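Next comes coords-v6.txt, with compact mmCIF, C-alpha atoms.
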```txt
# COMPACT_ATOMS: atom_id res chain seq x y z
CA MET A 1 -61.04 43.02 -15.58
CA SER A 2 -62.02 40.77 -12.66
CA ARG A 3 -60.43 37.38 -12.54
CA SER A 4 -62.72 34.37 -12.14
CA ALA A 5 -62.25 32.34 -8.98
CA PRO A 6 -60.55 28.97 -9.41
CA PRO A 7 -62.65 25.84 -8.88
CA PRO A 8 -62.89 24.33 -5.41
CA ALA A 9 -60.16 21.95 -4.40
CA VAL A 10 -60.62 18.24 -3.83
CA GLN A 11 -62.37 16.91 -0.78
CA ALA A 12 -60.75 17.28 2.62
CA VAL A 13 -61.45 16.40 6.22
CA THR A 14 -61.91 18.99 8.95
CA ILE A 15 -61.72 18.37 12.68
CA GLN A 16 -63.42 20.65 15.18
CA ILE A 17 -62.06 20.73 18.73
CA PRO A 18 -63.46 23.07 21.40
CA ALA A 19 -60.82 25.31 22.91
CA ASN A 20 -62.29 25.03 26.43
CA LYS A 21 -61.86 21.25 26.63
CA PRO A 22 -58.98 19.96 28.75
CA GLY A 23 -56.07 18.65 26.77
CA GLY A 24 -56.84 20.84 23.74
CA ALA A 25 -55.29 20.24 20.36
CA ALA A 26 -51.99 19.07 21.83
CA SER A 27 -53.53 15.96 23.42
CA THR A 28 -55.45 14.96 20.28
CA GLY A 29 -52.86 15.72 17.61
CA ASN A 30 -51.95 12.07 17.03
CA ALA A 31 -55.59 11.04 17.05
CA GLN A 32 -56.39 13.71 14.45
CA ALA A 33 -53.66 12.50 12.11
CA VAL A 34 -54.63 8.86 12.49
CA ALA A 35 -58.31 9.61 12.02
CA ILE A 36 -57.73 11.67 8.88
CA SER A 37 -55.42 9.06 7.36
CA ALA A 38 -57.65 6.12 8.23
CA GLN A 39 -60.90 7.84 7.22
CA MET A 40 -59.56 8.86 3.84
CA LEU A 41 -58.37 5.29 3.18
CA ILE A 42 -61.41 3.47 4.51
CA GLY A 43 -63.76 6.06 3.01
CA ARG A 44 -62.63 5.32 -0.54
CA GLY A 45 -64.53 2.07 -0.72
CA ARG A 46 -61.86 -0.31 0.52
CA PRO A 47 -63.70 -2.84 2.71
CA VAL A 48 -61.69 -5.04 5.04
CA TRP A 49 -63.57 -8.26 4.35
CA ARG A 50 -62.89 -8.38 0.60
CA PRO A 51 -59.18 -9.38 0.59
CA MET A 52 -59.80 -11.71 3.54
CA PHE A 53 -62.61 -13.44 1.65
CA TYR A 54 -60.68 -13.66 -1.62
CA GLY A 55 -57.51 -14.90 0.07
CA GLY A 56 -59.33 -17.48 2.19
CA ALA A 57 -61.37 -18.78 -0.72
CA LEU A 58 -58.31 -19.04 -2.96
CA ILE A 59 -56.27 -20.85 -0.30
CA ALA A 60 -59.14 -23.28 0.36
CA PHE A 61 -59.54 -23.98 -3.36
CA ALA A 62 -55.79 -24.43 -3.88
CA THR A 63 -55.46 -26.72 -0.86
CA ALA A 64 -58.26 -28.95 -2.12
CA LEU A 65 -56.76 -28.98 -5.61
CA THR A 66 -53.28 -29.98 -4.44
CA ALA A 67 -54.77 -32.68 -2.20
CA LEU A 68 -56.82 -34.27 -4.98
CA ALA A 69 -54.51 -33.79 -7.98
CA PRO A 70 -51.63 -36.20 -8.68
CA THR A 71 -48.23 -34.93 -7.64
CA SER A 72 -46.82 -35.21 -11.16
CA SER A 73 -49.65 -33.29 -12.84
CA TRP A 74 -49.84 -29.64 -13.83
CA TRP A 75 -52.97 -29.28 -11.68
CA PHE A 76 -50.79 -29.81 -8.62
CA ILE A 77 -48.42 -27.06 -9.74
CA TYR A 78 -51.39 -24.79 -10.48
CA GLY A 79 -52.65 -25.42 -6.96
CA LEU A 80 -49.28 -24.39 -5.48
CA ALA A 81 -49.35 -21.18 -7.51
CA CYS A 82 -52.89 -20.41 -6.30
CA ASP A 83 -51.75 -21.02 -2.74
CA LEU A 84 -49.02 -18.41 -3.13
CA LEU A 85 -51.47 -15.97 -4.70
CA GLY A 86 -53.94 -16.48 -1.85
CA VAL A 87 -51.25 -15.79 0.73
CA CYS A 88 -50.57 -12.45 -0.99
CA PHE A 89 -54.09 -11.28 -0.04
CA LEU A 90 -53.48 -11.77 3.67
CA PRO A 91 -51.03 -8.85 4.20
CA VAL A 92 -53.46 -6.55 2.37
CA ALA A 93 -56.27 -7.65 4.67
CA ALA A 94 -54.06 -7.16 7.72
CA VAL A 95 -53.21 -3.59 6.67
CA ARG A 96 -56.86 -2.68 6.11
CA LEU A 97 -57.88 -4.27 9.40
CA ARG A 98 -55.28 -2.19 11.20
CA GLN A 99 -56.51 0.96 9.45
CA SER A 100 -60.08 0.19 10.51
CA ARG A 101 -59.02 -0.30 14.11
CA ASP A 102 -56.98 2.93 14.04
CA LEU A 103 -60.02 4.79 12.76
CA LYS A 104 -62.24 3.46 15.55
CA ALA A 105 -59.65 4.18 18.24
CA ALA A 106 -58.95 7.70 16.95
CA THR A 107 -62.65 8.49 16.66
CA ALA A 108 -63.24 7.31 20.23
CA GLU A 109 -60.33 9.40 21.52
CA LEU A 110 -61.56 12.49 19.72
CA ALA A 111 -65.09 11.95 21.05
CA ALA A 112 -63.75 11.65 24.61
CA THR A 113 -61.97 15.00 24.33
CA GLY A 114 -64.82 16.77 22.56
CA GLY A 115 -63.42 16.62 19.04
CA VAL A 116 -65.66 16.06 16.05
CA ILE A 117 -64.69 14.71 12.66
CA ALA A 118 -66.70 16.73 10.18
CA PRO A 119 -67.87 15.04 6.98
CA PHE A 120 -66.06 15.43 3.70
CA ARG A 121 -66.68 18.84 2.17
CA PRO A 122 -65.17 20.95 -0.63
CA VAL A 123 -62.44 23.31 0.44
CA PRO A 124 -62.56 26.74 -1.23
CA ALA A 125 -59.50 27.65 -3.19
CA GLN A 126 -56.94 29.70 -1.36
CA ALA A 127 -55.94 33.16 -2.43
CA THR A 128 -53.17 33.32 -4.95
CA GLN A 129 -49.74 34.56 -4.05
CA THR A 130 -50.33 37.88 -5.79
CA ASP A 131 -53.47 38.56 -3.68
CA ARG A 132 -51.74 38.00 -0.36
CA PRO A 133 -49.87 40.77 1.44
CA LYS A 134 -46.17 40.24 1.31
CA LYS A 135 -44.51 39.77 4.66
CA PRO A 136 -40.86 40.36 5.38
CA ARG A 137 -38.85 37.17 5.53
CA PRO A 138 -36.75 36.60 8.63
CA ALA A 139 -33.04 36.67 7.98
CA SER A 140 -32.42 33.40 9.81
CA THR A 141 -34.97 31.57 7.66
CA ALA A 142 -33.49 33.03 4.50
CA ARG A 143 -30.01 31.90 5.47
CA SER A 144 -31.21 28.40 6.36
CA ALA A 145 -33.15 28.09 3.10
CA ALA A 146 -30.12 29.15 1.12
CA ALA A 147 -28.00 26.56 2.90
CA GLY A 148 -30.69 23.88 2.61
CA GLY A 149 -32.82 22.32 5.31
CA LEU A 150 -34.83 23.75 8.19
CA PRO A 151 -33.60 26.37 10.67
CA GLY A 152 -31.29 24.77 13.19
CA LEU A 153 -30.93 21.52 11.21
CA LYS A 154 -27.89 20.73 9.12
CA VAL A 155 -28.28 18.60 6.02
CA THR A 156 -26.10 15.53 6.56
CA GLN A 157 -25.81 12.37 4.53
CA LEU A 158 -27.34 10.30 7.33
CA ARG A 159 -30.39 12.58 7.49
CA VAL A 160 -30.77 12.40 3.72
CA ILE A 161 -30.71 8.60 3.88
CA ARG A 162 -33.32 8.60 6.65
CA SER A 163 -35.47 10.96 4.57
CA GLU A 164 -35.26 8.70 1.51
CA TRP A 165 -36.05 5.67 3.65
CA THR A 166 -39.15 7.47 4.93
CA LYS A 167 -40.22 8.15 1.34
CA PHE A 168 -39.66 4.54 0.38
CA ARG A 169 -41.55 2.89 3.21
CA SER A 170 -44.42 5.38 3.06
CA LEU A 171 -45.35 4.29 -0.48
CA ARG A 172 -47.57 1.24 -0.70
CA SER A 173 -46.41 0.47 -4.24
CA SER A 174 -42.78 0.12 -3.13
CA LYS A 175 -43.65 -2.40 -0.44
CA ILE A 176 -45.87 -4.35 -2.84
CA VAL A 177 -43.11 -4.57 -5.47
CA VAL A 178 -40.60 -5.78 -2.88
CA PHE A 179 -43.02 -8.40 -1.59
CA VAL A 180 -43.92 -9.59 -5.10
CA SER A 181 -40.24 -9.84 -6.07
CA ALA A 182 -39.43 -12.04 -3.09
CA ALA A 183 -42.57 -14.13 -3.68
CA VAL A 184 -41.58 -14.67 -7.32
CA ILE A 185 -38.09 -15.92 -6.44
CA ILE A 186 -39.36 -18.31 -3.76
CA GLY A 187 -42.50 -19.38 -5.63
CA VAL A 188 -40.73 -20.21 -8.90
CA ALA A 189 -38.12 -22.19 -6.95
CA ALA A 190 -40.88 -24.20 -5.27
CA ILE A 191 -42.64 -24.89 -8.58
CA VAL A 192 -39.45 -25.92 -10.38
CA ALA A 193 -38.39 -28.11 -7.47
CA ALA A 194 -41.80 -29.80 -7.41
CA VAL A 195 -41.66 -30.51 -11.16
CA ILE A 196 -38.15 -31.97 -10.96
CA ASN A 197 -39.08 -33.95 -7.88
CA SER A 198 -42.07 -35.53 -9.60
CA GLN A 199 -40.25 -36.33 -12.88
CA TRP A 200 -36.77 -37.18 -11.62
CA ASP A 201 -37.12 -40.91 -12.24
CA LYS A 202 -38.33 -40.27 -15.81
CA LEU A 203 -35.41 -38.05 -16.83
CA ASN A 204 -32.63 -39.52 -18.96
CA PRO A 205 -29.07 -39.84 -17.60
CA ASP A 206 -27.86 -36.81 -19.59
CA ALA A 207 -30.41 -34.60 -17.80
CA HIS A 208 -29.19 -35.96 -14.47
CA LYS A 209 -25.63 -34.95 -15.34
CA VAL A 210 -26.45 -31.34 -16.28
CA PHE A 211 -28.73 -30.86 -13.27
CA SER A 212 -27.35 -28.35 -10.75
CA PRO A 213 -29.03 -28.26 -7.32
CA ALA A 214 -27.50 -24.82 -6.65
CA VAL A 215 -28.41 -23.04 -9.90
CA THR A 216 -31.87 -24.52 -10.60
CA PRO A 217 -33.60 -22.91 -7.55
CA MET A 218 -32.59 -19.48 -8.87
CA ALA A 219 -34.90 -19.78 -11.90
CA GLY A 220 -37.09 -16.95 -10.58
CA VAL A 221 -34.32 -14.38 -10.92
CA GLY A 222 -35.25 -13.84 -14.57
CA LEU A 223 -38.71 -12.56 -13.53
CA ALA A 224 -37.60 -10.83 -10.35
CA GLN A 225 -35.13 -8.66 -12.26
CA LEU A 226 -38.04 -6.93 -13.99
CA ALA A 227 -39.80 -6.25 -10.68
CA PHE A 228 -36.67 -4.86 -9.04
CA GLY A 229 -35.96 -2.85 -12.19
CA VAL A 230 -39.42 -1.27 -12.03
CA LEU A 231 -38.77 -0.48 -8.37
CA GLY A 232 -35.52 1.29 -9.27
CA VAL A 233 -37.26 3.34 -11.97
CA LEU A 234 -40.19 4.35 -9.76
CA PHE A 235 -37.94 5.33 -6.87
CA ILE A 236 -36.68 8.35 -8.82
CA SER A 237 -39.10 8.87 -11.72
CA GLY A 238 -42.05 9.06 -9.33
CA GLU A 239 -40.65 12.31 -7.95
CA TYR A 240 -40.48 13.79 -11.45
CA ALA A 241 -44.04 12.63 -12.20
CA THR A 242 -45.49 14.28 -9.08
CA GLY A 243 -43.21 17.33 -9.08
CA MET A 244 -41.83 16.38 -5.68
CA ILE A 245 -38.30 16.48 -7.10
CA ARG A 246 -38.34 20.28 -6.67
CA SER A 247 -39.19 20.00 -2.99
CA SER A 248 -36.56 17.30 -2.51
CA LEU A 249 -33.81 19.34 -4.12
CA THR A 250 -34.90 22.42 -2.18
CA ALA A 251 -34.51 20.50 1.06
CA VAL A 252 -31.23 18.92 -0.14
CA PRO A 253 -29.51 21.35 -2.52
CA GLN A 254 -26.45 19.11 -2.77
CA ARG A 255 -27.66 16.89 -5.60
CA ALA A 256 -24.82 14.39 -5.29
CA ARG A 257 -25.79 13.83 -1.65
CA PHE A 258 -29.44 13.47 -2.66
CA ILE A 259 -28.65 10.81 -5.27
CA LEU A 260 -26.28 8.99 -2.95
CA GLY A 261 -29.02 8.77 -0.32
CA LYS A 262 -31.40 7.22 -2.85
CA LEU A 263 -28.77 4.74 -3.98
CA VAL A 264 -28.02 3.65 -0.42
CA VAL A 265 -31.69 3.03 0.34
CA LEU A 266 -32.37 1.26 -2.96
CA THR A 267 -29.35 -1.04 -2.82
CA GLY A 268 -29.97 -1.79 0.85
CA VAL A 269 -33.59 -2.78 0.29
CA VAL A 270 -32.97 -4.75 -2.91
CA GLY A 271 -29.83 -6.41 -1.55
CA THR A 272 -31.50 -7.52 1.68
CA THR A 273 -34.68 -8.72 -0.01
CA SER A 274 -32.95 -10.58 -2.84
CA LEU A 275 -30.44 -12.24 -0.52
CA VAL A 276 -33.11 -13.45 1.91
CA ALA A 277 -35.31 -14.63 -0.96
CA ALA A 278 -32.42 -16.42 -2.72
CA VAL A 279 -31.34 -18.24 0.45
CA THR A 280 -34.96 -19.18 1.22
CA ALA A 281 -35.52 -20.48 -2.33
CA PHE A 282 -32.29 -22.48 -2.16
CA GLN A 283 -33.13 -24.08 1.18
CA LEU A 284 -36.72 -24.81 0.15
CA ALA A 285 -35.60 -26.59 -3.02
CA GLN A 286 -33.03 -28.67 -1.14
CA TRP A 287 -35.65 -29.71 1.39
CA MET A 288 -38.00 -30.82 -1.40
CA TRP A 289 -35.22 -32.82 -3.11
CA THR A 290 -34.34 -34.90 -0.06
CA LYS A 291 -36.73 -37.57 -1.34
CA HIS A 292 -34.36 -38.42 -4.21
CA HIS A 293 -31.14 -37.52 -2.35
CA ILE A 294 -30.15 -34.89 -4.92
CA GLU A 295 -29.92 -31.99 -2.47
CA THR A 296 -26.83 -30.01 -1.53
CA HIS A 297 -25.95 -27.37 1.08
CA LEU A 298 -24.50 -23.89 1.13
CA GLY A 299 -21.12 -25.11 2.31
CA ALA A 300 -20.65 -27.38 -0.70
CA PRO A 301 -18.26 -26.28 -3.48
CA GLY A 302 -19.92 -24.08 -6.10
CA THR A 303 -23.13 -23.30 -4.18
CA LEU A 304 -22.42 -19.85 -2.76
CA ARG A 305 -21.80 -18.20 -6.10
CA PRO A 306 -25.27 -18.84 -7.61
CA VAL A 307 -27.03 -17.66 -4.44
CA LEU A 308 -24.89 -14.61 -3.68
CA GLY A 309 -24.29 -13.87 -7.37
CA ALA A 310 -28.01 -13.79 -8.12
CA ALA A 311 -28.61 -11.34 -5.25
CA LEU A 312 -25.73 -9.13 -6.42
CA TYR A 313 -27.03 -9.21 -9.99
CA LEU A 314 -30.47 -8.00 -8.88
CA VAL A 315 -28.88 -5.11 -6.98
CA LEU A 316 -26.97 -4.05 -10.10
CA ILE A 317 -30.12 -4.28 -12.24
CA SER A 318 -31.98 -2.00 -9.80
CA MET A 319 -29.11 0.51 -10.01
CA LEU A 320 -29.21 0.34 -13.80
CA ALA A 321 -32.96 0.99 -13.72
CA MET A 322 -32.54 3.94 -11.38
CA GLY A 323 -29.93 5.39 -13.73
CA LEU A 324 -32.41 5.12 -16.60
CA GLY A 325 -35.05 6.85 -14.48
CA VAL A 326 -32.75 9.78 -13.70
CA LEU A 327 -31.58 9.99 -17.31
CA LEU A 328 -35.00 9.85 -19.00
CA ARG A 329 -37.09 11.47 -16.20
CA HIS A 330 -40.14 9.58 -17.42
CA THR A 331 -41.57 6.44 -15.85
CA ALA A 332 -42.99 4.80 -18.96
CA GLY A 333 -39.95 5.61 -21.10
CA ALA A 334 -37.52 4.25 -18.51
CA ILE A 335 -39.48 1.02 -17.98
CA VAL A 336 -39.83 0.43 -21.73
CA SER A 337 -36.08 1.00 -22.16
CA LEU A 338 -35.35 -1.45 -19.36
CA VAL A 339 -37.63 -4.14 -20.83
CA ALA A 340 -36.10 -3.63 -24.26
CA LEU A 341 -32.58 -3.93 -22.87
CA LEU A 342 -33.25 -7.04 -20.77
CA PHE A 343 -35.74 -8.99 -22.91
CA LEU A 344 -36.15 -7.60 -26.43
CA ALA A 345 -32.55 -6.84 -27.40
CA PRO A 346 -31.43 -10.53 -27.43
CA THR A 347 -34.31 -11.40 -29.78
CA VAL A 348 -33.52 -8.52 -32.13
CA LEU A 349 -29.82 -9.35 -32.17
CA GLY A 350 -30.70 -12.91 -33.11
CA PHE A 351 -31.52 -11.69 -36.64
CA LEU A 352 -27.95 -10.53 -37.15
CA PRO A 353 -25.32 -12.83 -38.65
CA ALA A 354 -24.40 -15.60 -36.24
CA GLY A 355 -20.97 -14.35 -35.25
CA ILE A 356 -21.96 -10.72 -34.74
CA GLY A 357 -25.24 -11.48 -32.98
CA ALA A 358 -23.70 -13.93 -30.52
CA THR A 359 -20.83 -11.56 -29.69
CA VAL A 360 -23.05 -8.56 -29.09
CA THR A 361 -25.57 -10.60 -27.08
CA GLU A 362 -22.85 -11.62 -24.63
CA LEU A 363 -22.33 -7.93 -23.84
CA LEU A 364 -25.95 -7.37 -22.75
CA PRO A 365 -26.54 -7.14 -18.99
CA ALA A 366 -29.02 -10.03 -18.70
CA GLN A 367 -26.84 -12.51 -20.59
CA ALA A 368 -23.63 -11.37 -18.90
CA GLY A 369 -25.23 -11.56 -15.46
CA ALA A 370 -26.58 -15.07 -16.09
CA GLU A 371 -23.16 -16.11 -17.31
CA PHE A 372 -21.70 -14.93 -14.01
CA TRP A 373 -24.08 -16.35 -11.41
CA SER A 374 -25.36 -19.47 -13.21
CA LYS A 375 -21.90 -20.96 -13.81
CA PRO A 376 -20.19 -21.68 -10.47
CA GLY A 377 -16.82 -22.28 -12.14
CA GLY A 378 -17.06 -19.40 -14.64
CA GLY A 379 -15.06 -16.21 -14.78
CA TRP A 380 -15.81 -12.72 -13.55
CA THR A 381 -16.20 -11.12 -16.97
CA GLY A 382 -19.99 -11.21 -16.82
CA LEU A 383 -20.02 -9.37 -13.50
CA LEU A 384 -17.73 -6.66 -14.88
CA ILE A 385 -20.06 -6.19 -17.87
CA VAL A 386 -23.12 -5.73 -15.63
CA VAL A 387 -21.18 -3.34 -13.37
CA ALA A 388 -20.21 -1.34 -16.48
CA TRP A 389 -23.85 -1.13 -17.59
CA ALA A 390 -25.08 -0.08 -14.15
CA GLY A 391 -22.25 2.39 -13.63
CA GLY A 392 -22.61 3.87 -17.11
CA THR A 393 -26.35 4.54 -16.85
CA CYS A 394 -26.02 5.92 -13.31
CA ALA A 395 -23.16 8.19 -14.37
CA ALA A 396 -25.11 9.49 -17.39
CA GLY A 397 -28.25 10.08 -15.34
CA PHE A 398 -26.41 11.77 -12.47
CA ALA A 399 -24.50 13.96 -14.92
CA ARG A 400 -27.79 15.21 -16.34
CA LEU A 401 -29.17 15.82 -12.85
CA LEU A 402 -26.08 17.79 -11.83
CA THR A 403 -25.89 19.89 -15.00
CA GLU A 404 -29.54 20.47 -15.95
CA ASP A 405 -32.46 22.02 -14.16
CA VAL A 406 -35.42 19.90 -13.07
```

For this file, produce the structure as structure tokens.
Amino acid sequence: MSRSAPPPAVQAVTIQIPANKPGGAASTGNAQAVAISAQMLIGRGRPVWRPMFYGGALIAFATALTALAPTSSWWFIYGLACDLLGVCFLPVAAVRLRQSRDLKAATAELAATGGVIAPFRPVPAQATQTDRPKKPRPASTARSAAAGGLPGLKVTQLRVIRSEWTKFRSLRSSKIVVFVSAAVIIGVAAIVAAVINSQWDKLNPDAHKVFSPAVTPMAGVGLAQLAFGVLGVLFISGEYATGMIRSSLTAVPQRARFILGKLVVLTGVVGTTSLVAAVTAFQLAQWMWTKHHIETHLGAPGTLRPVLGAALYLVLISMLAMGLGVLLRHTAGAIVSLVALLFLAPTVLGFLPAGIGATVTELLPAQAGAEFWSKPGGGWTGLLIVVAWAGGTCAAGFARLLTEDV
């Protein structure tokens, strides 16, 4: 019985280059890649002017609002938030403008060498593996595939880390999450500092005593932990969702080395971003508080622990989230579990008897982490609890990866 042909594949781009032109395919290889990438992005209805228009209009509106509204009003705070949101549109516009320029430059280079970018067209389905004649496999390729990696290349930990870094920076969603996380930490610090600055003279003496100029600017950590947690989940669960995990483990058969490479990249990115954002938020708040002389500096006693502790806590939360992603192998399930652990569990435990609920709540990662970094003179028990949570989930997830098939 004849087998029906599979449906045509999705649209693709073809490039025609005459063989008799000087330079040939070797001289236009980069232009081909840039043209294909840029045309597929620009050709999906992503105009350059839209984010520039939205960002400019939002910044203009927010600037006018903050100039007209009283400093102590919520309209002023709303204007600051709109300013931050408008600034977020500018990197998107810059990326699309660069893609448009790359497309024009690549098209001009191809036209100069005789290349032609054909329009989008359906690509017929390729023959199945059973219809193709089987060719003998070279022995050298077989040996290299069995050992992992390409012929002549040895799989080392440094190369695995570079590969994972390439995966990370090539995804737009990863860069957006990192940018949003840093913007949340800095933006919330600016909003809180503005509110305190405008109402400082109206606060009672007891509020002045409990005020901490080192801990208060870190108010955005509670929101940023969710963003960094989602980043940790997506960094590993995205490979299971797309099936790329099979290709990754084929290229790196040593699964412990594969996971270690992901951990190094994730902790490096989250640690650097959170530390820079925490220091920036701290310095911004101190600068805004100079009006009332309530600022401090990083060299003062008890100021380094909230800043460095908040950054370390965010790194541990991202590791915990990555462990959940490896353990559950499902993006939605891992994110729901993370949200339940960080935000819903304290509310549920509040229905238990007072003694039991309070004791169990102190063992949750969010409460233990806040106990560590928000109390400059506190102990290290909260940090040990968060380390235990992160280490436990990572160990459980890695054990499943090492013992079960993907």

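Atom pair atom CA of Ala334 of chain A / atom CA of Leu85 of chain A has a distance of 28.2 Å (rounded to one decimal).
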
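Distances here use all atoms listed in the file; by that measure, the residue among A:Ile176, A:Leu263, A:Leu384, A:Leu324 closest to Val339 of chain A is A:Leu324.
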
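The coordinates place atom CA of Leu364 of chain A at 7.9 Å from atom CA of Pro346 of chain A.
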
- Kindly extract all protein, DNA and RNA residues lying within 10 Å of the coordinates (-57.6, -22.6, -0.3) given in the file, considering all atoms listed in the file, and supply them as a VMD selection string. chain A and resid 54 to 66 79 to 80 82 to 84 86 to 87

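Shortest atom-to-atom contact with Ala340 of chain A among A:Val178, A:Val326, A:Ala321, A:Ala67: A:Ala321, counting all atoms listed in the file.
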
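Residues with at least one atom no more than 12 Å from (-26.7, 16.9, -2.5), using only C-alpha atoms, are A:Ala147, A:Gly148, A:Gly149, A:Val155, A:Thr156, A:Gln157, A:Leu158, A:Arg159, A:Val160, A:Ile161, A:Ser248, A:Leu249, A:Thr250, A:Ala251, A:Val252, A:Pro253, A:Gln254, A:Arg255, A:Ala256, A:Arg257, A:Phe258, A:Ile259, A:Leu260, A:Gly261, A:Lys262, A:Phe398, A:Leu401, A:Leu402.
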